[in-house]
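Participant: My structure file structure-v4.tsv, TSV, N, CA and C atoms, is below:
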```tsv
chain	number	residue	atom	x	y	z
E	1	MET	N	0.67	-62.92	86.04
E	1	MET	CA	1.08	-63.26	84.70
E	1	MET	C	1.37	-61.97	83.93
E	2	LEU	N	2.48	-61.93	83.25
E	2	LEU	CA	2.86	-60.76	82.47
E	2	LEU	C	2.15	-60.75	81.13
E	3	THR	N	1.74	-59.57	80.72
E	3	THR	CA	1.22	-59.44	79.37
E	3	THR	C	2.37	-59.07	78.46
E	4	SER	N	2.15	-59.02	77.19
E	4	SER	CA	3.22	-58.87	76.22
E	4	SER	C	4.08	-57.62	76.41
E	5	GLY	N	3.54	-56.53	76.92
E	5	GLY	CA	4.33	-55.30	77.02
E	5	GLY	C	4.77	-54.94	78.42
E	6	GLU	N	4.54	-55.79	79.40
E	6	GLU	CA	4.84	-55.46	80.79
E	6	GLU	C	6.12	-56.12	81.28
E	7	LYS	N	6.87	-55.38	82.09
E	7	LYS	CA	8.04	-55.91	82.76
E	7	LYS	C	7.66	-56.16	84.21
E	8	ALA	N	8.30	-57.14	84.83
E	8	ALA	CA	8.03	-57.43	86.24
E	8	ALA	C	8.30	-56.20	87.10
E	9	SER	N	9.36	-55.45	86.80
E	9	SER	CA	9.69	-54.26	87.60
E	9	SER	C	8.59	-53.20	87.50
E	10	ASP	N	7.95	-53.09	86.34
E	10	ASP	CA	6.84	-52.13	86.19
E	10	ASP	C	5.64	-52.54	87.04
E	11	ILE	N	5.37	-53.84	87.08
E	11	ILE	CA	4.24	-54.33	87.88
E	11	ILE	C	4.51	-54.09	89.36
E	12	VAL	N	5.73	-54.37	89.81
E	12	VAL	CA	6.09	-54.15	91.22
E	12	VAL	C	5.98	-52.67	91.55
E	13	ARG	N	6.48	-51.80	90.69
E	13	ARG	CA	6.41	-50.36	90.91
E	13	ARG	C	4.96	-49.90	91.03
E	14	GLU	N	4.08	-50.38	90.15
E	14	GLU	CA	2.67	-50.01	90.21
E	14	GLU	C	2.03	-50.46	91.52
E	15	LYS	N	2.36	-51.67	91.97
E	15	LYS	CA	1.80	-52.17	93.23
E	15	LYS	C	2.32	-51.38	94.42
E	16	LEU	N	3.61	-50.99	94.40
E	16	LEU	CA	4.16	-50.16	95.47
E	16	LEU	C	3.46	-48.81	95.52
E	17	LEU	N	3.26	-48.20	94.37
E	17	LEU	CA	2.58	-46.91	94.34
E	17	LEU	C	1.14	-47.02	94.82
E	18	ALA	N	0.48	-48.11	94.50
E	18	ALA	CA	-0.90	-48.33	94.94
E	18	ALA	C	-1.00	-48.50	96.45
E	19	SER	N	0.10	-48.98	97.08
E	19	SER	CA	0.08	-49.19	98.53
E	19	SER	C	0.75	-48.05	99.27
E	20	GLY	N	0.89	-46.90	98.64
E	20	GLY	CA	1.50	-45.76	99.29
E	20	GLY	C	3.00	-45.69	99.12
E	21	GLY	N	3.59	-46.59	98.34
E	21	GLY	CA	5.00	-46.54	98.02
E	21	GLY	C	5.92	-47.26	98.98
E	22	THR	N	5.37	-47.99	99.94
E	22	THR	CA	6.21	-48.67	100.93
E	22	THR	C	5.79	-50.13	101.06
E	23	ALA	N	6.79	-51.01	101.16
E	23	ALA	CA	6.53	-52.43	101.41
E	23	ALA	C	7.56	-52.93	102.41
E	24	VAL	N	7.14	-53.79	103.32
E	24	VAL	CA	8.04	-54.43	104.27
E	24	VAL	C	8.17	-55.89	103.87
E	25	ILE	N	9.42	-56.31	103.63
E	25	ILE	CA	9.69	-57.66	103.14
E	25	ILE	C	10.51	-58.39	104.20
E	26	PRO	N	10.07	-59.57	104.66
E	26	PRO	CA	10.88	-60.31	105.63
E	26	PRO	C	12.09	-60.95	104.94
E	27	LEU	N	13.27	-60.73	105.51
E	27	LEU	CA	14.49	-61.34	104.97
E	27	LEU	C	14.61	-62.78	105.45
E	28	GLN	N	15.52	-63.51	104.86
E	28	GLN	CA	15.70	-64.93	105.21
E	28	GLN	C	16.04	-65.10	106.69
E	29	ARG	N	16.78	-64.14	107.27
E	29	ARG	CA	17.14	-64.21	108.68
E	29	ARG	C	15.97	-63.84	109.59
E	30	GLY	N	14.85	-63.40	109.00
E	30	GLY	CA	13.68	-63.03	109.78
E	30	GLY	C	13.57	-61.54	110.07
E	31	GLU	N	14.60	-60.78	109.71
E	31	GLU	CA	14.57	-59.33	109.94
E	31	GLU	C	13.74	-58.66	108.84
E	32	PRO	N	13.00	-57.60	109.19
E	32	PRO	CA	12.24	-56.89	108.17
E	32	PRO	C	13.12	-55.96	107.33
E	33	CYS	N	12.79	-55.84	106.08
E	33	CYS	CA	13.47	-54.93	105.17
E	33	CYS	C	12.40	-54.02	104.57
E	34	THR	N	12.52	-52.72	104.80
E	34	THR	CA	11.54	-51.79	104.27
E	34	THR	C	12.02	-51.25	102.93
E	35	ARG	N	11.17	-51.34	101.93
E	35	ARG	CA	11.48	-50.83	100.59
E	35	ARG	C	10.53	-49.70	100.28
E	36	ARG	N	11.07	-48.63	99.75
E	36	ARG	CA	10.25	-47.48	99.37
E	36	ARG	C	10.50	-47.16	97.90
E	37	SER	N	9.45	-46.85	97.20
E	37	SER	CA	9.62	-46.48	95.79
E	37	SER	C	9.99	-45.02	95.69
E	38	THR	N	10.70	-44.67	94.65
E	38	THR	CA	11.03	-43.28	94.38
E	38	THR	C	10.51	-42.94	92.99
E	39	THR	N	10.24	-41.68	92.78
E	39	THR	CA	9.77	-41.27	91.46
E	39	THR	C	10.97	-41.08	90.55
E	40	GLU	N	10.80	-41.38	89.29
E	40	GLU	CA	11.90	-41.26	88.33
E	40	GLU	C	11.56	-40.22	87.31
```
Translate the structure of the given file into C-alpha cells.

Facilitator:
Amino acid sequence: MLTSGEKASDIVREKLLASGGTAVIPLQRGEPCTRRSTTE
C-alpha cells in the first residue's frame, strides 16, 4: 500500500537496492528477464 508521498517506482527501486540491485522476472513466454537498478 502506498503512503501519501510514495511512488510505486520509488518502492520498487528501494526493494531492488535492498536485494543487491538485481531481480529476475519471468516473462509471459516463460523466459527469465533480469532487471538491474542503476544509480541516478

Participant: Would you mind listing, for every residue of stretch 20-40 of chain E within 10 Å of stretch 5-13 of chain E, the two atoms forming the shortest contact and the distance between them in Å to one decimal, using only C-alpha atoms, sorted by chain and ascending residue number, as a Markdown table?

Facilitator:
```
| residue | atom | partner | partner_atom | distance |
| --- | --- | --- | --- | --- |
| E:Gly21 | CA | E:Arg13 | CA | 8.2 |
| E:Arg36 | CA | E:Arg13 | CA | 9.7 |
| E:Ser37 | CA | E:Arg13 | CA | 7.0 |
| E:Thr38 | CA | E:Arg13 | CA | 9.1 |
| E:Thr39 | CA | E:Arg13 | CA | 9.7 |
```

Participant: Please report, as a ChimeraX atom specification, each residue of chain E to which DSSP assigns strand (DSSP E or B) when run on this structure's backbone.

Facilitator: /E:22-26,32-36

Participant: Can you measure atom N of E:Arg35 to atom CA of E:Ala18 for me? One decimal in Å is fine.

Facilitator: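 Separation between atom N of E:Arg35 and atom CA of E:Ala18: 14.3 Å.
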
Participant: Provide the atom CA of E:Gly20 to atom C of E:Cys33 distance in Å, to one decimal place.

Facilitator: 14.7 Å

Participant: DSSP says helix (DSSP H, G or I) for which residues of chain E? Put them as number ranges by chain?

Facilitator: E: 8-18

Participant: If I wrap all listed atoms of stretch 18-27 of chain E in a box with edges along x, y and z and add 6 Å on each side, what are its centre and edge lengths in Å to one decimal, as AutoDock Vina command-line options?

Facilitator:
```
--center_x 6.8 --center_y -54.2 --center_z 100.1 --size_x 27.6 --size_y 29.1 --size_z 23.1
```
